[in-house]
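Peer 1: Input file: upload18.cif. Contents: mmCIF, C-alpha atoms and all ligand atoms.
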data_entry
loop_
_atom_site.label_atom_id
_atom_site.label_comp_id
_atom_site.auth_asym_id
_atom_site.auth_seq_id
_atom_site.Cartn_x
_atom_site.Cartn_y
_atom_site.Cartn_z
CA MET A 1 -18.56 16.81 -18.11
CA PHE A 2 -21.09 18.98 -16.26
CA GLN A 3 -23.16 17.06 -13.68
CA ASN A 4 -26.26 19.22 -13.91
CA ILE A 5 -27.64 22.46 -15.31
CA ASP A 6 -26.59 24.58 -12.33
CA ILE A 7 -23.05 23.34 -12.60
CA THR A 8 -23.15 24.14 -16.33
CA ILE A 9 -24.16 27.75 -15.54
CA LYS A 10 -21.41 28.08 -12.93
CA ALA A 11 -18.73 26.50 -15.13
CA LEU A 12 -19.58 28.88 -17.98
CA ALA A 13 -19.59 31.86 -15.59
CA GLY A 14 -16.06 30.76 -14.65
CA GLU A 15 -15.18 31.41 -18.30
CA LYS A 16 -16.95 34.79 -18.12
CA TYR A 17 -20.01 33.58 -20.00
CA ILE A 18 -23.43 34.32 -18.58
CA ALA A 19 -25.69 31.51 -19.71
CA SER A 20 -29.47 31.80 -19.56
CA PRO A 21 -31.28 28.68 -18.29
CA ASP A 22 -32.14 27.81 -21.95
CA ILE A 23 -28.52 27.97 -23.03
CA ALA A 24 -27.26 25.96 -20.06
CA THR A 25 -29.97 23.30 -20.48
CA THR A 26 -29.17 22.80 -24.16
CA VAL A 27 -25.42 22.58 -23.53
CA TYR A 28 -25.94 20.13 -20.69
CA LEU A 29 -28.29 17.92 -22.73
CA ALA A 30 -26.18 18.02 -25.89
CA LEU A 31 -23.17 16.81 -23.94
CA LYS A 32 -25.16 14.02 -22.31
CA MET A 33 -26.85 13.00 -25.56
CA GLU A 34 -23.65 13.35 -27.59
CA LYS A 35 -25.44 15.55 -30.11
CA PRO A 36 -24.21 18.67 -31.87
CA ILE A 37 -25.83 22.04 -31.09
CA LEU A 38 -27.00 24.35 -33.85
CA VAL A 39 -26.95 27.86 -32.37
CA GLU A 40 -28.92 30.51 -34.21
CA GLY A 41 -29.68 34.11 -33.40
CA PRO A 42 -28.88 37.71 -34.31
CA ALA A 43 -25.33 39.03 -34.54
CA GLY A 44 -23.43 39.68 -31.33
CA VAL A 45 -25.51 37.65 -28.89
CA GLY A 46 -22.70 35.32 -27.88
CA LYS A 47 -22.96 32.39 -30.29
CA THR A 48 -19.24 32.12 -31.05
CA GLU A 49 -18.33 32.98 -27.49
CA LEU A 50 -20.47 30.07 -26.27
CA GLY A 51 -18.34 27.61 -28.27
CA LYS A 52 -15.12 29.07 -26.92
CA CYS A 53 -16.35 29.12 -23.31
CA VAL A 54 -17.74 25.57 -23.42
CA ALA A 55 -14.30 24.38 -24.54
CA GLY A 56 -12.65 26.39 -21.75
CA ALA A 57 -15.10 25.16 -19.11
CA LEU A 58 -14.60 21.52 -20.12
CA ASP A 59 -10.86 21.99 -20.47
CA MET A 60 -11.08 20.69 -24.03
CA ASN A 61 -9.19 21.79 -27.08
CA LEU A 62 -11.13 24.25 -29.24
CA ILE A 63 -10.92 23.51 -32.95
CA ARG A 64 -12.57 26.22 -35.01
CA LEU A 65 -13.75 26.07 -38.59
CA GLN A 66 -14.76 29.48 -39.90
CA CYS A 67 -17.18 29.02 -42.79
CA TYR A 68 -17.34 31.20 -45.89
CA GLU A 69 -18.76 31.04 -49.39
CA GLY A 70 -16.78 28.54 -51.42
CA LEU A 71 -15.46 26.62 -48.41
CA ASP A 72 -14.82 23.09 -49.58
CA GLU A 73 -13.69 19.76 -48.20
CA SER A 74 -10.00 20.45 -48.85
CA LYS A 75 -10.10 23.46 -46.54
CA ALA A 76 -12.32 21.79 -43.95
CA LEU A 77 -11.04 18.21 -43.92
CA TYR A 78 -7.55 17.67 -45.28
CA GLU A 79 -5.13 18.63 -48.02
CA TRP A 80 -2.06 16.98 -49.45
CA GLU A 81 1.05 19.02 -48.83
CA TYR A 82 2.11 19.39 -52.45
CA ALA A 83 5.06 21.63 -51.68
CA LYS A 84 6.45 19.10 -49.21
CA GLN A 85 5.90 16.23 -51.65
CA LEU A 86 7.76 18.18 -54.31
CA LEU A 87 10.58 19.03 -51.96
CA TYR A 88 11.00 15.39 -50.99
CA THR A 89 11.08 14.25 -54.62
CA GLN A 90 13.82 16.83 -55.26
CA ILE A 91 15.87 15.71 -52.27
CA LEU A 92 15.35 12.05 -53.12
CA LYS A 93 16.11 12.55 -56.81
CA GLU A 94 19.06 10.16 -56.79
CA LYS A 95 17.21 7.49 -54.90
CA LEU A 96 14.31 7.77 -57.35
CA SER A 97 16.53 7.58 -60.41
CA SER A 98 18.29 4.49 -59.06
CA LEU A 99 14.84 2.91 -58.63
CA MET A 100 14.02 3.80 -62.24
CA GLN A 101 17.32 2.66 -63.75
CA LYS A 102 16.19 -0.80 -64.71
CA GLN A 103 13.08 0.43 -66.53
CA ASP A 104 13.51 0.58 -70.28
CA THR A 105 10.37 2.34 -71.40
CA LEU A 106 8.58 5.38 -70.09
CA GLU A 107 5.53 3.25 -69.35
CA GLU A 108 7.58 0.86 -67.20
CA ALA A 109 9.09 3.80 -65.35
CA VAL A 110 5.66 5.29 -64.67
CA ASN A 111 4.37 1.93 -63.44
CA ARG A 112 7.40 1.48 -61.22
CA LEU A 113 7.00 4.97 -59.78
CA SER A 114 3.30 4.43 -59.07
CA GLU A 115 4.27 1.49 -56.87
CA GLU A 116 5.83 4.09 -54.56
CA ASP A 117 2.60 6.14 -54.32
CA ASP A 118 1.94 4.96 -50.80
CA VAL A 119 5.04 6.75 -49.59
CA PHE A 120 3.97 10.08 -51.00
CA PHE A 121 0.31 9.76 -50.06
CA SER A 122 0.77 8.83 -46.44
CA ASN A 123 0.21 10.59 -43.14
CA LYS A 124 3.58 12.31 -43.56
CA PHE A 125 2.22 14.47 -46.34
CA LEU A 126 -1.30 14.88 -45.07
CA LEU A 127 -2.26 18.31 -43.81
CA PRO A 128 -5.24 17.91 -41.45
CA ARG A 129 -7.80 20.69 -41.54
CA PRO A 130 -10.20 21.37 -38.61
CA ILE A 131 -12.62 18.45 -39.11
CA LEU A 132 -9.88 15.85 -39.50
CA SER A 133 -8.00 17.38 -36.55
CA ALA A 134 -11.12 17.04 -34.39
CA ILE A 135 -11.68 13.45 -35.48
CA THR A 136 -8.09 12.33 -34.94
CA SER A 137 -7.51 14.30 -31.75
CA SER A 138 -6.17 12.15 -28.92
CA LYS A 139 -8.50 13.93 -26.46
CA ARG A 140 -12.15 14.85 -26.95
CA SER A 141 -12.32 18.34 -28.41
CA VAL A 142 -14.90 21.02 -29.11
CA LEU A 143 -15.37 21.57 -32.84
CA LEU A 144 -16.81 25.04 -33.44
CA ILE A 145 -18.22 25.29 -36.96
CA ASP A 146 -18.79 29.02 -37.07
CA GLU A 147 -21.24 30.77 -39.40
CA ILE A 148 -22.32 27.65 -41.27
CA ASP A 149 -24.94 29.74 -43.10
CA LYS A 150 -22.10 31.42 -45.04
CA SER A 151 -21.05 28.11 -46.65
CA ASP A 152 -22.81 26.56 -49.65
CA SER A 153 -25.44 23.85 -49.38
CA GLU A 154 -22.96 21.31 -50.89
CA PHE A 155 -20.74 21.84 -47.90
CA GLU A 156 -23.70 21.42 -45.57
CA ALA A 157 -24.43 18.05 -47.24
CA PHE A 158 -20.83 16.96 -46.68
CA LEU A 159 -21.09 18.05 -43.06
CA LEU A 160 -24.21 15.94 -42.58
CA GLU A 161 -22.21 12.86 -43.47
CA VAL A 162 -19.44 13.75 -41.04
CA LEU A 163 -21.92 14.49 -38.25
CA SER A 164 -23.66 11.14 -38.69
CA ASP A 165 -20.63 8.87 -38.73
CA PHE A 166 -17.74 10.87 -37.33
CA GLN A 167 -15.53 9.13 -39.79
CA VAL A 168 -13.90 10.22 -43.01
CA THR A 169 -12.53 8.30 -45.92
CA ILE A 170 -9.31 9.39 -47.54
CA PRO A 171 -9.04 7.32 -50.74
CA GLU A 172 -5.23 6.91 -50.52
CA ILE A 173 -5.21 6.03 -46.81
CA GLY A 174 -8.58 4.53 -45.92
CA THR A 175 -11.31 5.28 -43.41
CA ILE A 176 -10.44 7.13 -40.25
CA LYS A 177 -12.90 6.79 -37.40
CA ALA A 178 -13.03 9.32 -34.57
CA ARG A 179 -11.12 8.19 -31.51
CA HIS A 180 -13.28 10.53 -29.47
CA LYS A 181 -16.42 12.06 -30.92
CA PRO A 182 -15.88 15.83 -30.80
CA PHE A 183 -18.52 18.02 -29.19
CA VAL A 184 -19.78 20.00 -32.18
CA ILE A 185 -21.22 23.51 -31.94
CA LEU A 186 -22.50 25.04 -35.17
CA THR A 187 -23.47 28.69 -35.34
CA SER A 188 -25.64 30.49 -37.87
CA ASN A 189 -26.76 34.06 -38.40
CA ASN A 190 -29.66 33.00 -40.59
CA ALA A 191 -28.12 34.28 -43.83
CA ARG A 192 -29.86 31.23 -45.24
CA GLU A 193 -32.15 28.61 -43.78
CA MET A 194 -30.39 25.41 -42.64
CA SER A 195 -31.71 22.13 -44.05
CA ASP A 196 -34.16 20.04 -42.04
CA ALA A 197 -31.68 17.16 -42.19
CA LEU A 198 -29.04 19.23 -40.42
CA LYS A 199 -31.54 20.51 -37.86
CA ARG A 200 -32.66 16.94 -37.14
CA ARG A 201 -29.14 15.89 -36.23
CA CYS A 202 -28.63 18.78 -33.82
CA LEU A 203 -30.18 20.17 -30.69
CA HIS A 204 -31.43 23.58 -31.70
CA LEU A 205 -30.68 26.66 -29.62
CA TYR A 206 -31.96 30.11 -30.46
CA ILE A 207 -30.11 32.82 -28.56
CA ASN A 208 -32.00 36.07 -28.46
CA TYR A 209 -31.00 39.33 -26.77
CA PRO A 210 -30.71 38.67 -23.05
CA THR A 211 -33.10 39.90 -20.38
CA ARG A 212 -32.13 43.12 -18.66
CA SER A 213 -30.83 41.39 -15.56
CA LEU A 214 -28.69 38.94 -17.57
CA GLU A 215 -27.30 41.76 -19.69
CA GLU A 216 -26.44 43.71 -16.52
CA GLU A 217 -24.59 40.63 -15.28
CA ILE A 218 -22.68 40.43 -18.57
CA VAL A 219 -21.66 44.10 -18.27
CA ALA A 220 -20.59 43.60 -14.64
CA LEU A 221 -18.48 40.60 -15.66
CA LYS A 222 -16.95 42.02 -18.82
CA VAL A 223 -16.57 45.68 -17.81
CA PRO A 224 -16.05 45.44 -14.04
CA GLU A 225 -14.95 49.07 -13.84
CA CYS A 226 -18.48 50.13 -14.87
CA GLY A 227 -20.51 50.95 -11.76
CA LYS A 228 -23.90 49.35 -11.06
CA LYS A 229 -25.82 52.57 -11.64
CA LEU A 230 -24.18 53.23 -15.00
CA ALA A 231 -24.61 49.59 -16.08
CA GLU A 232 -28.30 49.65 -15.21
CA SER A 233 -28.96 52.85 -17.14
CA ILE A 234 -27.01 51.64 -20.18
CA VAL A 235 -28.87 48.32 -20.31
CA ARG A 236 -32.23 50.03 -19.76
CA ALA A 237 -31.54 52.40 -22.66
CA VAL A 238 -30.31 49.62 -24.97
CA HIS A 239 -33.45 47.59 -24.28
CA LYS A 240 -35.65 50.56 -25.15
CA ILE A 241 -33.66 51.20 -28.32
CA ARG A 242 -33.96 47.55 -29.43
CA VAL A 243 -37.74 47.82 -29.77
CA LEU A 244 -37.52 50.71 -32.25
CA GLN A 245 -37.84 49.90 -35.97
CA LEU A 246 -34.10 49.82 -36.59
CA LYS A 247 -32.03 48.59 -39.49
CA LYS A 248 -29.58 46.98 -37.04
CA GLU A 249 -30.36 46.56 -33.37
CA PRO A 250 -27.53 47.04 -30.89
CA SER A 251 -26.20 43.68 -29.68
CA ILE A 252 -24.36 42.69 -26.51
CA SER A 253 -21.05 43.71 -28.14
CA GLU A 254 -22.41 47.23 -28.57
CA THR A 255 -23.69 47.36 -24.98
CA LEU A 256 -20.19 46.39 -23.81
CA ASP A 257 -18.54 48.97 -26.08
CA TRP A 258 -20.88 51.67 -24.78
CA ALA A 259 -20.12 50.74 -21.18
CA LYS A 260 -16.35 50.81 -21.83
CA ALA A 261 -16.57 54.16 -23.64
CA LEU A 262 -18.63 55.82 -20.89
CA VAL A 263 -16.20 54.56 -18.26
CA ILE A 264 -13.28 55.99 -20.24
CA MET A 265 -15.14 59.30 -20.43
CA GLY A 266 -15.50 59.21 -16.65
CA HIS A 267 -19.31 59.04 -16.48
CA GLU A 268 -21.00 57.44 -13.51
CA GLU A 269 -24.47 57.61 -14.97
CA LEU A 270 -26.07 58.06 -18.35
CA SER A 271 -27.53 61.51 -18.81
CA HIS A 272 -29.77 62.35 -21.76
CA ASP A 273 -27.15 64.54 -23.44
CA VAL A 274 -24.29 62.08 -23.02
CA ALA A 275 -26.44 59.27 -24.38
CA VAL A 276 -27.46 61.25 -27.46
CA SER A 277 -23.88 62.32 -28.20
CA THR A 278 -22.54 58.75 -27.96
CA LEU A 279 -25.28 56.92 -29.88
CA ASN A 280 -22.77 56.15 -32.64
CA LEU A 281 -21.22 53.56 -30.32
CA ILE A 282 -24.31 51.40 -30.40
CA LEU A 283 -26.03 52.28 -33.67
CA LYS A 284 -24.21 51.82 -36.93
CA TYR A 285 -26.63 53.49 -39.35
CA GLU A 286 -27.31 57.20 -39.55
CA LYS A 287 -31.06 56.52 -39.96
CA ASP A 288 -31.09 54.48 -36.74
CA ILE A 289 -29.29 57.25 -34.86
CA GLU A 290 -31.83 59.78 -36.14
CA LEU A 291 -34.70 57.55 -35.01
CA ALA A 292 -33.20 57.06 -31.54
CA LYS A 293 -32.66 60.82 -31.24
CA LYS A 294 -36.31 61.40 -32.14
CA HIS A 295 -37.37 59.11 -29.29
CA SER A 296 -34.61 60.22 -26.91
CA GLY A 297 -37.10 61.87 -24.55
CA GLU A 298 -38.77 58.53 -23.79
CA ILE A 299 -35.62 56.39 -24.00
CA PHE A 300 -33.32 58.30 -21.70
CA VAL A 301 -35.67 59.36 -18.92
CA HIS A 302 -34.97 57.88 -15.52
N1 LIG A 401 -23.77 35.49 -22.47
C1 LIG A 401 -22.66 36.20 -22.58
N2 LIG A 401 -21.80 36.29 -21.53
C2 LIG A 401 -20.68 37.03 -21.64
N3 LIG A 401 -20.30 37.71 -22.74
C3 LIG A 401 -21.12 37.65 -23.80
C4 LIG A 401 -22.32 36.89 -23.78
N4 LIG A 401 -22.94 37.02 -24.96
C5 LIG A 401 -22.15 37.81 -25.70
N5 LIG A 401 -21.06 38.20 -25.02
C6 LIG A 401 -20.00 39.08 -25.53
O1 LIG A 401 -20.54 39.75 -26.66
C7 LIG A 401 -19.58 39.80 -27.72
C8 LIG A 401 -20.15 39.20 -28.97
O2 LIG A 401 -20.27 37.81 -28.86
P1 LIG A 401 -20.03 36.82 -30.07
O3 LIG A 401 -18.92 37.28 -30.93
O4 LIG A 401 -19.97 35.45 -29.52
O5 LIG A 401 -21.41 37.01 -30.86
P2 LIG A 401 -21.97 36.18 -32.09
O6 LIG A 401 -23.36 35.81 -31.72
O7 LIG A 401 -21.04 35.10 -32.47
O8 LIG A 401 -22.02 37.31 -33.21
P3 LIG A 401 -21.83 37.17 -34.80
O9 LIG A 401 -23.09 36.54 -35.29
O10 LIG A 401 -21.67 38.58 -35.25
O11 LIG A 401 -20.61 36.33 -35.04
C9 LIG A 401 -18.32 39.11 -27.23
O12 LIG A 401 -17.43 40.09 -26.79
C10 LIG A 401 -18.80 38.29 -26.04
O13 LIG A 401 -17.79 38.21 -25.09
MG MG A 402 -19.87 34.78 -34.15
#
Output the file's structure in the form of structure tokens.
Peer 2:
Amino acid sequence: MFQNIDITIKALAGEKYIASPDIATTVYLALKMEKPILVEGPAGVGKTELGKCVAGALDMNLIRLQCYEGLDESKALYEWEYAKQLLYTQILKEKLSSLMQKQDTLEEAVNRLSEEDDVFFSNKFLLPRPILSAITSSKRSVLLIDEIDKSDSEFEAFLLEVLSDFQVTIPEIGTIKARHKPFVILTSNNAREMSDALKRRCLHLYINYPTRSLEEEIVALKVPECGKKLAESIVRAVHKIRVLQLKKEPSISETLDWAKALVIMGHEELSHDVAVSTLNLILKYEKDIELAKKHSGEIFVH
């Protein structure tokens, strides 16, 4: 557990994550208050990475649930291992038929067999999915529920239940209560608005593009071979590009890719011509590249 906000910043930096004071404060408070965090913000600003680095910094297991349209409880919570159940019934064929021998009618045989249900619907045949794994984990873990906005609202409703009680009921087995409440981090790209009920249960964190100095720190940490001068000119240019009316603004991932590419090309600073010829590394739409080229005189002056 982090003792204060400064320690939170340092511990995350140890995992190569540069946390702004807002990010560190929310993580620190969420841990103290035992509340989940709902992280929102544009693509590539470090939402997923935050979950991974918090787990690393706390030396906790990271359990990740990637959300998608159609994700349901069986993929998120648990499934019965049908193939294994079938295999066991095949192997135990003789044992089962000796059990059934005394039954005269089909109905009696079915009733007799159903008495053995417990064996086939027990922990041995239960396949835990991320949420059940996090709940039953012997150590406290970080449960990263990534891109929750991609799942359907039914799944969100199910999640609300889990986040309130940290217990799940499996009809054949009973109710399983968390041994250690996992630290839950949910991320969303705003593909759809999250419900108020979900927001109420979480501390909300909006991660926006970082300030220039934080982004320079990220480049220094992630692309150490990039010199200070080059890093500064890249970040300055990216910040100027972000204010243009673009279809897709360059994120931190793109800044890092640009830095890596310019290092590979052997550049020590960003000249106007080099910047214009490598814009495809940070802008993914032709229209955006055209717009940046149009403004290149203002963007790439030193
Ligand atoms: N604060 C940060 N410190 C260090 N690296 C960062 C930071 N923020 C982002 N990055 C880097 O930027 C890249 C993108 O981060 P990440 O995948 O977490 O973004 P995301 O917000 O989850 O994006 P998406 O919404 O597309 O999933 C990663 O390589 C990550 O290491
Ligand atoms: Mg992500």
Peer 1: From the set A:Glu286, A:Leu144, A:Gln90, A:Ala261, which residue has the shortest atom-to-atom contact distance to A:Val274, counting all atoms listed in the file?
Peer 2: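 Going through A:Glu286, A:Leu144, A:Gln90, A:Ala261 one by one, the smallest distance to A:Val274 is for A:Ala261.
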Peer 1: Dump the neighbourhood of ligand MG 402 (chain A) as a short mmCIF file (atom, residue, chain, number, x, y, z; two decimals) with C-alpha atoms, in the frame of the given file: all residues within 9 Å, distances computed on all atoms listed in the file.
Peer 2:
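Result written to out-v4.cif:
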data_model
loop_
_atom_site.label_atom_id
_atom_site.label_comp_id
_atom_site.auth_asym_id
_atom_site.auth_seq_id
_atom_site.Cartn_x
_atom_site.Cartn_y
_atom_site.Cartn_z
CA ALA A 43 -25.33 39.03 -34.54
CA GLY A 44 -23.43 39.68 -31.33
CA VAL A 45 -25.51 37.65 -28.89
CA GLY A 46 -22.70 35.32 -27.88
CA LYS A 47 -22.96 32.39 -30.29
CA THR A 48 -19.24 32.12 -31.05
CA GLU A 49 -18.33 32.98 -27.49
CA ASP A 146 -18.79 29.02 -37.07
CA GLU A 147 -21.24 30.77 -39.40
CA THR A 187 -23.47 28.69 -35.34
CA SER A 188 -25.64 30.49 -37.87
CA ASN A 189 -26.76 34.06 -38.40
#
Peer 1: Might you pull out every residue within 7 Å of stretch 229-231 of chain A, with only C-alpha atoms counted and same-chain residues fewer than 3 positions away left off, and present them as a PDB file with C-alpha atoms, in the frame of the given file?
Peer 2:
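Heads up, here's the output in part_39.pdb:
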ATOM      1  CA  GLU A 216     -26.440  43.710 -16.520  1.00  0.00           C
ATOM      2  CA  VAL A 219     -21.660  44.100 -18.270  1.00  0.00           C
ATOM      3  CA  CYS A 226     -18.480  50.130 -14.870  1.00  0.00           C
ATOM      4  CA  ILE A 234     -27.010  51.640 -20.180  1.00  0.00           C
ATOM      5  CA  VAL A 235     -28.870  48.320 -20.310  1.00  0.00           C
ATOM      6  CA  ALA A 259     -20.120  50.740 -21.180  1.00  0.00           C
ATOM      7  CA  GLU A 268     -21.000  57.440 -13.510  1.00  0.00           C
ATOM      8  CA  GLU A 269     -24.470  57.610 -14.970  1.00  0.00           C
ATOM      9  CA  LEU A 270     -26.070  58.060 -18.350  1.00  0.00           C
TER      10      LEU A 270
END
Peer 1: May I have the residues within 10 Å of ligand LIG 401 (chain A), computed using all atoms listed in the file, as a PyMOL selection string?
Peer 2: chain A and resi 12-13+15-20+23+39-53+146-147+187-190+207-210+214-215+217-222+251-257
Peer 1: Centre and edge lengths of an axis-aligned box around all listed atoms of stretch 223-226 of chain A, with 5 Å added on each side, are to be given in Å to one decimal, as lines of an AutoDock Vina configuration file.
Peer 2:
center_x = -16.7
center_y = 47.8
center_z = -15.8
size_x = 13.5
size_y = 14.7
size_z = 14.0
Peer 1: How many Å lie between atom CA of A:Met33 and atom CA of A:Val142, rounded to one decimal?
Peer 2: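 Separating atom CA of A:Met33 from atom CA of A:Val142 is a distance of 14.8 Å.
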Peer 1: Write out, as CSV, each residue of stretch 152-259 of chain A that has an atom at most 12 Å from stretch 114-130 of chain A, together with the closest pair of atoms and their distance in Å to one decimal, counting all atoms listed in the file, rows going by chain and rising number.
Peer 2:
residue,atom,partner,partner_atom,distance
A:Val168,CA,A:Pro128,CA,11.7
A:Ile170,CA,A:Phe121,CA,10.0
A:Pro171,CA,A:Phe121,CA,9.7
A:Glu172,CA,A:Phe121,CA,6.2
A:Ile173,CA,A:Ser122,CA,6.6
A:Gly174,CA,A:Ser122,CA,10.3
A:Ile176,CA,A:Asn123,CA,11.6
A:Pro182,CA,A:Pro130,CA,11.1
A:Val184,CA,A:Pro130,CA,11.6
Peer 1: Counting all atoms listed in the file, find the residues whose atoms lie at most 7 Å from (-29.7, 60.1, -18.3) (file coordinates) and write them out as a list in words.
Peer 2: Glu269, Leu270, Ser271, His272, Ala275, Phe300, Val301 and His302 of chain A
Peer 1: What's the separation between atom CA of A:Lys150 and atom CA of A:Leu77, in Å to one decimal place?
Peer 2: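 The value is 17.3 Å.
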Peer 1: By how many Å are atom CA of A:Met194 and atom CA of A:Leu58 apart?
Peer 2: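 Distance reported for this atom pair: 27.8 Å.
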Peer 1: Using all atoms listed in the file, which protein or nucleic acid residues come within 7 Å of A:Leu71? Drop anything in the same chain fewer than 4 positions from it, and give the result as a list of chain:residue names.
Peer 2: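 Result of the neighbour search: A:Cys67, A:Lys75, A:Ser151.
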Peer 1: Could you check which of A:Leu246, A:Leu163, A:Val238, A:Ala157 is closest to A:Lys35, using all atoms listed in the file?
Peer 2: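 Of all the options, A:Leu163 lies closest to A:Lys35.
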Peer 1: Which residue is closest to A:Leu291? Choose from A:His267, A:Cys202, A:Gly70, A:Glu249 and count all atoms listed in the file.
Peer 2: A:Glu249
Peer 1: In terms of the shortest atom-to-atom distance over only C-alpha atoms, which of A:Arg64, A:Leu106, A:Thr211, A:Glu69 is closest to A:Ala191?
Peer 2: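 Comparing A:Arg64, A:Leu106, A:Thr211, A:Glu69 against A:Ala191, the winner is A:Glu69.
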Peer 1: What residues have an atom no more than 12 Å from (-27.6, 16.4, -23.7) in the file's own frame, counting all atoms listed in the file, and can you write them as a list in words?
Peer 2: Met1, Phe2, Gln3, Asn4, Ile5, Thr8, Ile23, Ala24, Thr25, Thr26, Val27, Tyr28, Leu29, Ala30, Leu31, Lys32, Met33, Glu34, Lys35, Pro36, Ile37, Phe183, Cys202, Leu203 and His204 of chain A
